[in-house]
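Structure first, then comments.
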Amino acid sequence: MHEAGLARAAVGAIIEASAGTPVRAVVLAAATGVDISSASAAWHAAAAGTCLEATDLTWEHAPDQLRCFACGHEYDGARLDPCTSCGGNGLVVAPADELAVVSWTT
Ligand SMILES: [Zn+2]
């Protein structure tokens, strides 16, 4: 299961960053295509018995970065979203990370 590896990596990164201090809240960003319920379940499995065991988990959607063909404007969105400046078609130039840690609070 792909989400399990991503969630385990996020848990590991925060444990290392917090140096074992109990973490109260974490905000994660998931790209389109990531199954949030699978990723949440994997998070809780990986966090059990660690300083993240009681963490309140919040999910955000991580947008891709696109560049408009017509006007060159760069904007955040999903694949096939029209340009926010002129409404033209854009191309994804920087896909979002599949799962990224936005912030965490001890
Ligand atoms: Zn445009």
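Here's how to read the names in the structure tokens: chain A, B, ... by the order shown, residue numbers from 1 in each chain, ligand numbers from 1 in the order shown.
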Ligand 1: which residues are within 10 Å, counting only C-alpha atoms and all ligand atoms? Reply as a PDB file with C-alpha atoms, in the first residue's frame.
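Once everything was written out, this is result-v7.pdb:
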ATOM      1  CA  ARG A  67       1.960  27.558 -16.177  1.00  0.00           C
ATOM      2  CA  CYS A  68      -0.416  29.003 -18.752  1.00  0.00           C
ATOM      3  CA  PHE A  69       0.333  28.327 -22.446  1.00  0.00           C
ATOM      4  CA  ALA A  70      -1.289  31.572 -23.539  1.00  0.00           C
ATOM      5  CA  CYS A  71      -0.001  34.181 -21.096  1.00  0.00           C
ATOM      6  CA  GLY A  72       2.744  32.441 -19.120  1.00  0.00           C
ATOM      7  CA  HIS A  73       1.046  33.076 -15.765  1.00  0.00           C
ATOM      8  CA  GLU A  74       1.980  30.549 -13.058  1.00  0.00           C
ATOM      9  CA  TYR A  75      -0.783  29.393 -10.736  1.00  0.00           C
ATOM     10  CA  PRO A  82      -7.754  26.868 -16.407  1.00  0.00           C
ATOM     11  CA  CYS A  83      -5.394  29.802 -15.982  1.00  0.00           C
ATOM     12  CA  THR A  84      -6.446  32.098 -13.136  1.00  0.00           C
ATOM     13  CA  SER A  85      -5.318  35.125 -15.137  1.00  0.00           C
ATOM     14  CA  CYS A  86      -6.718  34.614 -18.661  1.00  0.00           C
ATOM     15  CA  GLY A  87      -8.708  31.351 -18.509  1.00  0.00           C
ATOM     16  CA  GLY A  88      -6.415  29.601 -20.992  1.00  0.00           C
ATOM     17  CA  ASN A  89      -4.988  26.105 -20.759  1.00  0.00           C
ATOM     18  CA  GLY A  90      -2.063  25.437 -18.489  1.00  0.00           C
TER      19      GLY A  90
END
Next on the checklist: Going by DSSP on the backbone, which residues of chain A come out as helix (DSSP H, G or I)? List them as a ChimeraX atom specification.
Outcome noted: /A:2-18,36-47
Next on the checklist: Just to confirm, what's the straight-line distance from atom CA of A:Thr50 to atom CA of A:Ala19 in Å (one decimal)?
Outcome noted: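 Rounded to one decimal, the two atoms are 11.0 Å apart.
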Next on the checklist: as a PyMOL selection string, please: the residues near A:Val23 (cut-off 10 Å, only C-alpha atoms, same-chain neighbours under 5 positions excluded).
Outcome noted: chain A and resi 14-15+18+50-56+104-106
Checklist entry - Could you pull out the strand (DSSP E) residues of stretch 19-72 of chain A from DSSP and send them as a list of chain:residue names? => result A:Ala25, A:Val26, A:Val27, A:Leu28, A:Ala29, A:Ala30, A:Asp56, A:Leu57, A:Thr58, A:Trp59, A:Glu60, A:His61, A:Asp64, A:Gln65, A:Leu66, A:Arg67, A:Cys68
Checklist entry - Which one is closest to A:Ala31: A:Ala96, A:Ala47, A:Val102, A:Ala7? Count only C-alpha atoms. => result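 Ranked by minimum distance to A:Ala31, first place goes to A:Ala96.
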Checklist entry - What is the distance, in Å and to one decimal place, between atom CA of A:Ala29 and atom CA of A:Pro63? => result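 Separation between atom CA of A:Ala29 and atom CA of A:Pro63: 8.9 Å.
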Item to check | Shortest interatomic distance to A:Arg8 - which of A:Val93, A:Ala41, A:Ile36, A:Ala25, counting only C-alpha atoms | outcome: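 Closest to A:Arg8 of all the choices is A:Ala41.
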Next on the checklist: I'd like the contact shell of A:Ala9 - 10 Å cut-off, only C-alpha atoms, skipping same-chain residues fewer than 3 positions apart - returned as a ChimeraX atom specification.
Outcome noted: /A:3-6,12-15,43,46,99-100
Checklist entry - What does the distance between atom CA of A:Ala94 and atom CA of A:Leu28 come to in Å, to one decimal place? => result 18.5 Å
